[in-house]
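Trainee: Sending over entry-v3.txt (compact mmCIF, C-alpha atoms).
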# COMPACT_ATOMS: atom_id res chain seq x y z
CA MET A 854 10.24 -92.80 -25.00
CA ALA A 855 6.59 -92.68 -24.07
CA ARG A 856 6.13 -92.04 -20.38
CA GLU A 857 2.93 -93.75 -19.36
CA SER A 858 3.10 -91.97 -16.06
CA GLN A 859 2.00 -88.36 -16.07
CA VAL A 860 5.05 -87.25 -14.15
CA SER A 861 7.81 -85.56 -16.14
CA ILE A 862 11.31 -86.98 -16.33
CA THR A 863 12.65 -83.86 -14.62
CA VAL A 864 10.63 -84.65 -11.54
CA ILE A 865 11.47 -88.35 -11.71
CA ARG A 866 15.17 -87.54 -11.68
CA ARG A 867 14.82 -85.64 -8.43
CA LEU A 868 13.19 -88.52 -6.60
CA PRO A 869 16.37 -90.59 -6.13
CA ILE A 870 18.02 -87.46 -4.77
CA TYR A 871 15.32 -87.04 -2.13
CA HIS A 872 15.54 -90.76 -1.42
CA ARG A 873 19.27 -90.55 -0.84
CA TYR A 874 19.05 -87.58 1.53
CA LEU A 875 16.20 -89.16 3.45
CA GLY A 876 18.22 -92.35 3.78
CA ASP A 877 21.10 -90.38 5.26
CA LEU A 878 18.76 -88.61 7.69
CA LEU A 879 17.32 -91.95 8.73
CA LYS A 880 20.80 -93.26 9.51
CA LYS A 881 21.43 -90.21 11.65
CA GLY A 882 18.24 -90.91 13.57
CA ILE A 883 16.46 -87.81 12.32
CA ASN A 884 12.84 -88.72 11.82
CA ARG A 885 11.16 -85.48 10.87
CA ILE A 886 11.98 -82.86 8.30
CA SER A 887 10.35 -79.81 6.80
CA SER A 888 10.37 -79.01 3.11
CA GLN A 889 12.56 -76.01 3.94
CA GLU A 890 15.12 -78.20 5.66
CA LEU A 891 15.03 -80.59 2.72
CA SER A 892 15.51 -77.57 0.51
CA ASN A 893 18.61 -76.56 2.44
CA LEU A 894 19.99 -80.05 2.01
CA THR A 895 19.14 -80.66 -1.63
CA GLY A 896 19.33 -77.21 -3.16
CA PHE A 897 15.85 -77.43 -4.62
CA THR A 898 13.28 -74.91 -3.46
CA ALA A 899 10.89 -76.01 -0.74
CA SER A 900 8.04 -75.32 -3.10
CA GLN A 901 9.55 -77.52 -5.81
CA ILE A 902 10.00 -80.34 -3.33
CA ARG A 903 6.40 -80.13 -2.12
CA GLN A 904 5.18 -79.99 -5.69
CA ASP A 905 7.26 -83.00 -6.69
CA LEU A 906 6.02 -85.09 -3.80
CA ASN A 907 2.43 -84.03 -4.31
CA ASN A 908 2.50 -85.94 -7.59
CA PHE A 909 2.55 -89.12 -5.58
CA GLY A 910 0.38 -88.61 -2.60
CA GLY A 911 -0.37 -86.68 0.51
CA PHE A 912 2.95 -86.90 2.23
CA GLY A 913 3.73 -84.50 4.98
CA GLN A 914 1.52 -82.35 7.09
CA GLN A 915 1.21 -78.62 7.27
CA GLY A 916 3.10 -77.48 10.34
CA TYR A 917 4.72 -80.88 10.87
CA GLY A 918 6.71 -81.50 7.76
CA TYR A 919 7.49 -85.01 6.61
CA ASN A 920 8.09 -88.21 8.52
CA VAL A 921 11.50 -89.27 7.25
CA GLU A 922 11.02 -93.00 7.58
CA ASP A 923 7.63 -93.02 5.90
CA LEU A 924 8.68 -90.75 3.09
CA HIS A 925 11.90 -92.70 2.50
CA ARG A 926 9.95 -95.92 2.33
CA GLU A 927 7.26 -94.51 0.06
CA LEU A 928 9.79 -92.98 -2.30
CA GLY A 929 11.56 -96.32 -2.31
CA LYS A 930 8.34 -97.93 -3.48
CA ILE A 931 7.72 -95.26 -6.07
CA LEU A 932 11.23 -95.81 -7.39
CA GLY A 933 10.53 -99.52 -7.51
CA LEU A 934 13.23 -100.25 -4.97
CA ASP A 935 11.01 -102.58 -2.97
CA GLN A 936 11.28 -105.07 -5.78
CA GLN A 937 14.02 -107.25 -7.16
CA TYR A 938 15.28 -106.84 -10.69
CA ASN A 939 17.20 -109.30 -12.80
CA VAL A 940 19.88 -107.53 -14.76
CA VAL A 941 22.13 -108.67 -17.59
CA VAL A 942 25.34 -106.92 -18.50
CA ALA A 943 26.71 -107.01 -22.03
CA GLY A 944 30.35 -105.99 -22.22
CA ALA A 945 32.34 -107.47 -19.35
CA VAL A 946 35.40 -105.35 -19.78
CA ASN A 947 36.00 -102.50 -17.42
CA LEU A 948 32.73 -100.79 -16.69
CA GLY A 949 30.72 -103.94 -17.23
CA HIS A 950 32.66 -105.74 -14.59
CA ALA A 951 32.62 -102.77 -12.29
CA ILE A 952 28.87 -102.61 -12.49
CA THR A 953 28.56 -106.28 -11.60
CA LEU A 954 30.49 -105.72 -8.40
CA TYR A 955 28.87 -102.48 -7.28
CA ARG A 956 27.54 -103.48 -3.92
CA GLY A 957 25.02 -100.66 -3.75
CA PHE A 958 23.06 -102.06 -6.65
CA LYS A 959 22.64 -105.49 -5.12
CA GLU A 960 21.52 -103.94 -1.87
CA ALA A 961 18.93 -101.93 -3.77
CA GLY A 962 17.52 -105.07 -5.38
CA PHE A 963 19.33 -105.14 -8.72
CA ASN A 964 20.70 -108.64 -9.25
CA ILE A 965 23.17 -109.29 -12.03
CA VAL A 966 22.06 -112.64 -13.39
CA GLY A 967 24.34 -112.83 -16.41
CA VAL A 968 27.43 -111.14 -17.81
CA PHE A 969 28.28 -111.45 -21.49
CA ASP A 970 31.16 -110.45 -23.68
CA LYS A 971 32.44 -110.95 -27.20
CA ASN A 972 35.65 -112.34 -25.74
CA PRO A 973 34.70 -114.21 -22.58
CA ASP A 974 38.05 -115.94 -22.42
CA ASN A 975 40.00 -112.71 -22.24
CA PRO A 976 42.79 -113.44 -19.73
CA ARG A 977 41.82 -110.25 -17.94
CA TYR A 978 38.85 -112.05 -16.45
CA ALA A 979 40.92 -114.93 -15.13
CA GLY A 980 41.12 -114.80 -11.39
CA ARG A 981 38.06 -112.67 -11.06
CA ASN A 982 35.07 -114.11 -9.36
CA LEU A 983 33.01 -113.58 -12.45
CA GLU A 984 31.54 -115.96 -14.99
CA VAL A 985 31.55 -114.33 -18.38
CA LYS A 986 29.47 -115.97 -21.07
CA HIS A 987 29.81 -115.48 -24.80
CA LEU A 988 27.71 -112.69 -26.25
CA ASP A 989 26.20 -115.20 -28.70
CA GLY A 990 24.33 -116.73 -25.77
CA LEU A 991 22.73 -113.46 -24.68
CA GLU A 992 19.47 -113.86 -26.56
CA ASP A 993 18.79 -117.40 -25.42
CA PHE A 994 19.68 -116.51 -21.87
CA ILE A 995 17.21 -113.66 -21.71
CA LYS A 996 14.48 -115.78 -23.29
CA ASN A 997 15.05 -118.48 -20.66
CA ASN A 998 15.29 -116.12 -17.74
CA ASN A 999 13.14 -113.31 -16.46
CA VAL A 1000 15.33 -110.33 -17.18
CA HIS A 1001 14.09 -106.82 -16.39
CA ILE A 1002 17.03 -104.57 -17.19
CA GLY A 1003 19.73 -104.75 -19.85
CA VAL A 1004 23.02 -102.95 -19.32
CA ILE A 1005 25.22 -102.01 -22.27
CA THR A 1006 28.90 -101.53 -21.56
CA THR A 1007 30.21 -102.80 -24.86
CA ALA A 1008 32.24 -100.80 -27.35
CA LYS A 1009 30.00 -98.39 -29.24
CA GLU A 1010 30.17 -100.50 -32.40
CA LEU A 1011 28.28 -103.33 -30.69
CA ALA A 1012 25.87 -101.25 -28.66
CA GLN A 1013 22.97 -101.01 -31.10
CA GLU A 1014 23.12 -104.72 -31.86
CA VAL A 1015 22.92 -105.47 -28.14
CA ALA A 1016 20.08 -103.01 -27.70
CA ASP A 1017 18.23 -104.76 -30.53
CA ILE A 1018 18.62 -108.10 -28.77
CA TYR A 1019 17.33 -106.63 -25.53
CA VAL A 1020 14.31 -105.12 -27.27
CA ARG A 1021 13.62 -108.27 -29.26
CA CYS A 1022 13.58 -110.28 -26.05
CA GLY A 1023 11.08 -108.00 -24.39
CA ILE A 1024 13.35 -106.05 -22.05
CA LYS A 1025 11.78 -102.68 -21.28
CA ALA A 1026 14.64 -100.88 -19.56
CA ILE A 1027 18.13 -100.33 -20.90
CA TRP A 1028 21.07 -98.76 -19.10
CA ASN A 1029 23.53 -97.60 -21.69
CA PHE A 1030 27.17 -96.62 -21.11
CA ALA A 1031 28.24 -96.70 -24.75
CA THR A 1032 28.95 -93.31 -26.30
CA ILE A 1033 26.29 -93.59 -28.95
CA ASP A 1034 22.62 -92.76 -29.38
CA LEU A 1035 20.61 -95.95 -29.42
CA ALA A 1036 17.39 -96.46 -31.34
CA VAL A 1037 14.76 -98.16 -29.20
CA PRO A 1038 10.96 -98.34 -29.38
CA GLU A 1039 8.82 -95.81 -27.53
CA ASP A 1040 7.86 -98.20 -24.76
CA VAL A 1041 11.43 -98.99 -23.79
CA ALA A 1042 13.09 -96.81 -21.15
CA LEU A 1043 16.60 -95.84 -22.15
CA GLU A 1044 18.93 -94.29 -19.62
CA ASN A 1045 22.28 -93.10 -20.95
CA VAL A 1046 25.30 -92.60 -18.74
CA ARG A 1047 27.63 -90.11 -20.37
CA LEU A 1048 30.87 -90.40 -18.44
CA SER A 1049 32.96 -88.52 -20.98
CA GLU A 1050 30.58 -85.58 -20.91
CA SER A 1051 30.82 -85.53 -17.13
CA LEU A 1052 34.61 -85.59 -17.18
CA TYR A 1053 34.85 -82.88 -19.84
CA THR A 1054 33.11 -80.36 -17.60
CA LEU A 1055 36.21 -80.72 -15.41
CA SER A 1056 38.68 -80.18 -18.25
CA TYR A 1057 36.59 -77.19 -19.33
CA TYR A 1058 36.92 -75.73 -15.88
CA LEU A 1059 40.67 -76.38 -15.66
CA ARG A 1060 41.24 -74.77 -19.03
CA ASN A 1061 39.27 -71.68 -18.09
CA ARG A 1062 41.10 -71.32 -14.80
CA GLU A 1063 44.40 -71.28 -16.62
CA ASN A 1064 43.23 -68.73 -19.15
CA ILE A 1065 42.41 -66.10 -16.60
CA GLN A 1066 45.06 -66.62 -13.99
CA ASP A 1067 47.43 -63.68 -13.47
CA MET B 1498 31.86 -73.51 -6.81
CA ALA B 1499 32.78 -70.17 -8.29
CA ARG B 1500 32.75 -70.22 -12.06
CA GLU B 1501 35.37 -67.78 -13.23
CA SER B 1502 34.02 -68.11 -16.71
CA GLN B 1503 30.83 -66.21 -17.48
CA VAL B 1504 29.23 -69.20 -19.09
CA SER B 1505 26.63 -71.08 -17.07
CA ILE B 1506 27.06 -74.74 -16.19
CA THR B 1507 23.93 -75.59 -18.19
CA VAL B 1508 25.63 -74.36 -21.34
CA ILE B 1509 28.92 -76.01 -20.43
CA ARG B 1510 27.20 -79.38 -20.10
CA ARG B 1511 25.90 -79.14 -23.65
CA LEU B 1512 29.33 -78.58 -25.16
CA PRO B 1513 30.55 -82.18 -24.84
CA ILE B 1514 27.30 -83.26 -26.47
CA TYR B 1515 27.94 -81.04 -29.48
CA HIS B 1516 31.53 -82.24 -29.52
CA ARG B 1517 30.46 -85.86 -29.62
CA TYR B 1518 27.98 -85.37 -32.48
CA LEU B 1519 30.48 -83.34 -34.46
CA GLY B 1520 33.05 -86.08 -33.96
CA ASP B 1521 30.61 -88.63 -35.36
CA LEU B 1522 29.85 -86.39 -38.34
CA LEU B 1523 33.55 -85.98 -38.99
CA LYS B 1524 34.01 -89.74 -39.06
CA LYS B 1525 31.21 -89.99 -41.58
CA GLY B 1526 32.97 -87.44 -43.76
CA ILE B 1527 30.30 -84.79 -43.31
CA ASN B 1528 32.04 -81.46 -43.15
CA ARG B 1529 29.27 -78.92 -43.01
CA ILE B 1530 26.19 -78.64 -40.84
CA SER B 1531 23.50 -76.12 -40.10
CA SER B 1532 22.24 -75.32 -36.64
CA GLN B 1533 18.92 -76.84 -37.67
CA GLU B 1534 20.56 -80.11 -38.64
CA LEU B 1535 22.49 -80.07 -35.36
CA SER B 1536 19.17 -79.45 -33.66
CA ASN B 1537 17.67 -82.51 -35.32
CA LEU B 1538 20.60 -84.58 -34.10
CA THR B 1539 20.92 -83.28 -30.57
CA GLY B 1540 17.36 -82.39 -29.66
CA PHE B 1541 18.29 -78.85 -28.63
CA THR B 1542 16.69 -76.00 -30.54
CA ALA B 1543 18.71 -74.43 -33.33
CA SER B 1544 18.49 -71.14 -31.54
CA GLN B 1545 19.85 -72.65 -28.30
CA ILE B 1546 22.77 -74.16 -30.19
CA ARG B 1547 23.64 -70.88 -31.88
CA GLN B 1548 23.36 -69.06 -28.58
CA ASP B 1549 25.56 -71.59 -26.80
CA LEU B 1550 28.26 -71.40 -29.45
CA ASN B 1551 28.13 -67.61 -29.60
CA ASN B 1552 29.50 -67.58 -26.07
CA PHE B 1553 32.80 -68.71 -27.48
CA GLY B 1554 33.27 -67.04 -30.78
CA GLY B 1555 32.03 -66.39 -34.24
CA PHE B 1556 31.60 -69.93 -35.44
CA GLY B 1557 29.47 -70.55 -38.41
CA GLN B 1558 28.26 -68.32 -41.14
CA GLN B 1559 24.79 -67.18 -42.00
CA GLY B 1560 23.64 -69.25 -44.93
CA TYR B 1561 26.52 -71.69 -44.67
CA GLY B 1562 26.19 -73.21 -41.26
CA TYR B 1563 29.19 -74.58 -39.42
CA ASN B 1564 32.35 -76.21 -40.65
CA VAL B 1565 32.31 -79.52 -38.78
CA GLU B 1566 36.05 -80.01 -38.53
CA ASP B 1567 36.73 -76.48 -37.33
CA LEU B 1568 33.91 -76.46 -34.83
CA HIS B 1569 34.86 -79.89 -33.50
CA ARG B 1570 38.43 -78.76 -33.03
CA GLU B 1571 37.48 -75.47 -31.42
CA LEU B 1572 35.04 -77.12 -29.04
CA GLY B 1573 37.76 -79.60 -28.22
CA LYS B 1574 40.01 -76.71 -27.22
CA ILE B 1575 37.27 -75.03 -25.23
CA LEU B 1576 36.70 -78.30 -23.38
CA GLY B 1577 40.41 -78.49 -22.74
CA LEU B 1578 40.74 -81.69 -24.73
CA ASP B 1579 43.81 -80.45 -26.58
CA GLN B 1580 45.74 -80.81 -23.38
CA GLN B 1581 46.93 -83.71 -21.29
CA TYR B 1582 45.75 -84.21 -17.74
CA ASN B 1583 47.33 -86.26 -15.01
CA VAL B 1584 44.68 -88.05 -13.03
CA VAL B 1585 44.82 -90.00 -9.79
CA VAL B 1586 42.18 -92.50 -8.75
CA ALA B 1587 41.45 -93.24 -5.10
CA GLY B 1588 39.49 -96.45 -4.61
CA ALA B 1589 40.74 -99.18 -6.90
CA VAL B 1590 37.86 -101.54 -6.41
CA ASN B 1591 35.29 -101.86 -9.14
CA LEU B 1592 34.62 -98.44 -10.58
CA GLY B 1593 38.07 -97.17 -9.78
CA HIS B 1594 39.64 -99.90 -11.79
CA ALA B 1595 37.12 -99.56 -14.55
CA ILE B 1596 37.92 -95.90 -14.87
CA THR B 1597 41.61 -96.61 -15.17
CA LEU B 1598 40.99 -98.87 -18.13
CA TYR B 1599 38.47 -96.75 -19.98
CA ARG B 1600 40.20 -96.30 -23.28
CA GLY B 1601 38.23 -93.24 -24.28
CA PHE B 1602 39.69 -91.20 -21.46
CA LYS B 1603 43.27 -91.88 -22.41
CA GLU B 1604 42.53 -91.00 -26.00
CA ALA B 1605 41.03 -87.72 -24.85
CA GLY B 1606 44.17 -86.84 -22.93
CA PHE B 1607 43.35 -88.02 -19.42
CA ASN B 1608 46.24 -90.08 -18.11
CA ILE B 1609 45.87 -92.11 -14.96
CA VAL B 1610 49.18 -91.60 -13.21
CA GLY B 1611 48.35 -93.33 -9.93
CA VAL B 1612 45.76 -95.63 -8.43
CA PHE B 1613 45.34 -95.88 -4.67
CA ASP B 1614 43.35 -98.02 -2.31
CA LYS B 1615 43.02 -98.75 1.39
CA ASN B 1616 43.70 -102.41 0.61
CA PRO B 1617 46.15 -102.48 -2.28
CA ASP B 1618 46.94 -106.13 -1.67
CA ASN B 1619 43.35 -107.25 -2.14
CA PRO B 1620 43.64 -110.52 -4.08
CA ARG B 1621 41.09 -109.15 -6.49
CA TYR B 1622 43.78 -107.00 -8.05
CA ALA B 1623 46.16 -109.91 -8.57
CA GLY B 1624 46.49 -110.73 -12.21
CA ARG B 1625 45.31 -107.36 -13.31
CA ASN B 1626 47.69 -105.13 -15.12
CA LEU B 1627 47.31 -102.49 -12.48
CA GLU B 1628 49.65 -101.20 -9.81
CA VAL B 1629 47.64 -100.23 -6.77
CA LYS B 1630 49.40 -98.18 -4.14
CA HIS B 1631 48.35 -97.73 -0.56
CA LEU B 1632 46.06 -94.81 0.11
CA ASP B 1633 48.52 -93.55 2.73
CA GLY B 1634 50.85 -92.63 -0.12
CA LEU B 1635 48.29 -90.50 -1.95
CA GLU B 1636 49.27 -87.15 -0.49
CA ASP B 1637 52.99 -87.55 -1.07
CA PHE B 1638 52.38 -88.79 -4.58
CA ILE B 1639 50.33 -85.78 -5.55
CA LYS B 1640 52.85 -83.41 -4.03
CA ASN B 1641 55.63 -85.04 -6.04
CA ASN B 1642 53.70 -85.22 -9.27
CA ASN B 1643 51.75 -82.70 -11.28
CA VAL B 1644 48.22 -83.98 -10.80
CA HIS B 1645 45.30 -82.08 -12.33
CA ILE B 1646 42.29 -84.22 -11.55
CA GLY B 1647 41.41 -86.40 -8.57
CA VAL B 1648 38.89 -89.19 -8.95
CA ILE B 1649 37.03 -90.57 -5.94
CA THR B 1650 35.70 -94.11 -6.21
CA THR B 1651 36.14 -95.09 -2.59
CA ALA B 1652 33.37 -96.13 -0.25
CA LYS B 1653 31.40 -93.08 0.89
CA GLU B 1654 32.96 -93.20 4.37
CA LEU B 1655 36.39 -92.36 2.93
CA ALA B 1656 35.30 -89.92 0.26
CA GLN B 1657 35.49 -86.66 2.21
CA GLU B 1658 38.91 -87.57 3.61
CA VAL B 1659 40.17 -88.19 0.09
CA ALA B 1660 38.60 -84.96 -1.14
CA ASP B 1661 40.38 -83.12 1.66
CA ILE B 1662 43.71 -84.59 0.58
CA TYR B 1663 43.08 -83.56 -3.01
CA VAL B 1664 42.19 -80.03 -1.98
CA ARG B 1665 45.12 -79.76 0.42
CA CYS B 1666 47.47 -80.75 -2.38
CA GLY B 1667 46.16 -78.12 -4.72
CA ILE B 1668 44.01 -80.22 -7.05
CA LYS B 1669 41.31 -78.05 -8.59
CA ALA B 1670 39.07 -80.65 -10.19
CA ILE B 1671 37.45 -83.64 -8.51
CA TRP B 1672 35.41 -86.38 -10.13
CA ASN B 1673 33.33 -88.02 -7.48
CA PHE B 1674 31.53 -91.36 -7.72
CA ALA B 1675 30.84 -91.78 -4.02
CA THR B 1676 27.21 -91.39 -2.99
CA ILE B 1677 27.82 -88.46 -0.72
CA ASP B 1678 27.93 -84.68 -0.93
CA LEU B 1679 31.49 -83.49 -0.62
CA ALA B 1680 32.56 -80.21 0.91
CA VAL B 1681 35.15 -78.46 -1.23
CA PRO B 1682 36.29 -74.84 -1.53
CA GLU B 1683 34.69 -72.52 -4.05
CA ASP B 1684 37.59 -72.64 -6.47
CA VAL B 1685 37.54 -76.42 -6.82
CA ALA B 1686 35.37 -77.93 -9.54
CA LEU B 1687 33.40 -80.90 -8.26
CA GLU B 1688 31.63 -83.19 -10.69
CA ASN B 1689 29.46 -85.88 -9.13
CA VAL B 1690 28.49 -89.04 -10.99
CA ARG B 1691 25.28 -90.42 -9.50
CA LEU B 1692 24.98 -93.92 -10.91
CA SER B 1693 22.30 -95.05 -8.49
CA GLU B 1694 20.13 -92.09 -9.37
CA SER B 1695 20.51 -92.96 -13.03
CA LEU B 1696 19.58 -96.59 -12.47
CA TYR B 1697 16.57 -95.73 -10.32
CA THR B 1698 14.91 -93.85 -13.16
CA LEU B 1699 14.73 -97.28 -14.82
CA SER B 1700 13.20 -99.04 -11.83
CA TYR B 1701 10.75 -96.15 -11.54
CA TYR B 1702 9.73 -96.71 -15.13
CA LEU B 1703 9.40 -100.46 -14.75
CA ARG B 1704 7.27 -100.06 -11.66
CA ASN B 1705 4.95 -97.60 -13.38
CA ARG B 1706 4.56 -99.81 -16.44
CA GLU B 1707 3.40 -102.66 -14.23
CA ASN B 1708 0.94 -100.50 -12.38
CA ILE B 1709 -1.00 -99.51 -15.42
CA GLN B 1710 -0.85 -102.61 -17.55
CA ASP B 1711 -4.23 -104.21 -18.28
Take the structure from the file and write it as structure tokens.
Mentor:
Amino acid sequence: MARESQVSITVIRRLPIYHRYLGDLLKKGINRISSQELSNLTGFTASQIRQDLNNFGGFGQQGYGYNVEDLHRELGKILGLDQQYNVVVAGAVNLGHAITLYRGFKEAGFNIVGVFDKNPDNPRYAGRNLEVKHLDGLEDFIKNNNVHIGVITTAKELAQEVADIYVRCGIKAIWNFATIDLAVPEDVALENVRLSESLYTLSYYLRNRENIQD
Amino acid sequence: MARESQVSITVIRRLPIYHRYLGDLLKKGINRISSQELSNLTGFTASQIRQDLNNFGGFGQQGYGYNVEDLHRELGKILGLDQQYNVVVAGAVNLGHAITLYRGFKEAGFNIVGVFDKNPDNPRYAGRNLEVKHLDGLEDFIKNNNVHIGVITTAKELAQEVADIYVRCGIKAIWNFATIDLAVPEDVALENVRLSESLYTLSYYLRNRENIQD
């Protein structure tokens, strides 16, 4: 994926971490922090933090540190969190549904405007406060609505087809939970969530504990 | 967290990636692969791949490459996927429920043996094929059952309390979805899933695209 910004993805991935910590500090009423204190909190070196933030502007002052509220707000803007995003979810089962209900996303400006599934009449959805539309209507829906982000929580067999629809309709950001590598054009941002890989680090650890216990 | 194994976490995180690609190759009936071909697939250098795998044994042969089936199986063992794990989930809403239904986990040997929530009678759960027990019963349940992994999908305010219960009951692996840093002893593996951070890389990208469009 071509990054039109000059900032590397490694730096970009640290920004939400800073944003989260600053948000917590704000809630605690702490309004000033040094890069060293931020380093103690985040685990990144103070120098790395300063370097990261310098990509985006002259935050902080020598001898003062950073103003928490200002920095939190500015990082929020940089992360695009001061805007609203229309999001569609393809694959209503399980994760798809979970994503639609995740309160944190709505608060951050991500609005689920449509949920689609191959089997919208699955009895599992009955009783939920969720309108699931048939996947066949996905393309038309996107064309008739201003959708910014496409989520893929379908089975892996459907994932590329859904990605193709998203791309065809002009969506430039895809959040993929399917355990497959998707092919997308260079100007489309693709973020993969690899839950299995995350979980397997735990089974790795448990297995290694057992192997060396006395 | 103390890693009793000598292998660094950076290497460990690559293993499930190799495992996934090898699984796909196996399904396609491809039974032999060179480190260069694996490099083309995964994006890691051939030398990194060989180095990673050398931590665990003499896989592969000069001039031959790797036997896909053998390597997939051996990596599966290293990742502990040849074993069964009993898993409890605290926080049945949304993600918690989604996790319980994620078919891939069950297939990989992760069995959800209990799901707990502060409000087990939430009408949202009615109609689902899911027994949700009250969070108050979590500790007793773990003590009376052989639980290997504890999942945390509660609101962040409850997360540390749940982590403390897990630790107190002897659970050595925690999978945390709450947006908070948990305090756990050194011998407990803690894997955090940061969904917001993942999603914000997309909003960052969308914001930057807009800023430089003509």
Trainee: Considering only C-alpha atoms, give me a table of residues in chain B that are at most 6 Å from chain A, with the closest atom pair and distance in Å for each, as a tab-separated table.
Mentor:
residue	atom	partner	partner_atom	distance
B:Pro1513	CA	A:Glu1050	CA	5.2
B:Leu1576	CA	A:Tyr1057	CA	4.2
B:Gly1577	CA	A:Ser1056	CA	5.1
B:Asn1591	CA	A:Ala951	CA	4.2
B:Leu1592	CA	A:Ala951	CA	5.1
B:Ala1595	CA	A:Asn947	CA	4.3
B:Ala1670	CA	A:Leu1055	CA	6.0
B:Glu1694	CA	A:Pro869	CA	5.2
B:Leu1699	CA	A:Ala1026	CA	6.0
B:Ser1700	CA	A:Gly933	CA	5.1
B:Tyr1701	CA	A:Leu932	CA	4.2
B:Arg1704	CA	A:Gly933	CA	5.3
Trainee: Using all atoms listed in the file, can you tell me which of B:Ala1589, B:Val1508, B:Val1612, B:Val1681 comes closest to Ile1662 of chain B?
Mentor: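 With all atoms listed in the file as the atom set, the closest residue is B:Val1681.
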Trainee: Using all atoms listed in the file, which protein or nucleic acid residues come within 8 Å of segment 902-913 of chain A? Drop anything in the same chain fewer than 6 positions from it, and give the result as a ChimeraX atom specification.
Mentor: /A:860,864,888,891-892,919-920,924
Trainee: Take atom CA of Asp1618 of chain B and atom CA of Lys986 of chain A and report the distance between them in Å, one decimal.
Mentor: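 Going from atom CA of Asp1618 of chain B over to atom CA of Lys986 of chain A covers 27.9 Å.
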Trainee: Quick one: pull the distance between atom CA of Leu1632 of chain B and atom CA of Asn1608 of chain B, Å, one decimal.
Mentor: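 Between atom CA of Leu1632 of chain B and atom CA of Asn1608 of chain B the gap is 18.8 Å.
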Trainee: Skip Val1644 of chain B itself and residues of its chain fewer than 5 positions away, then list as a ChimeraX atom specification all residues within 6 Å of it, counting only C-alpha atoms.
Mentor: /B:1583-1584,1639
Trainee: Which residue out of B:Phe1541, B:Tyr1663, B:Phe1638, B:Tyr1561 has the minimum interatomic distance to Tyr1515 of chain B when only C-alpha atoms are used?
Mentor: B:Phe1541
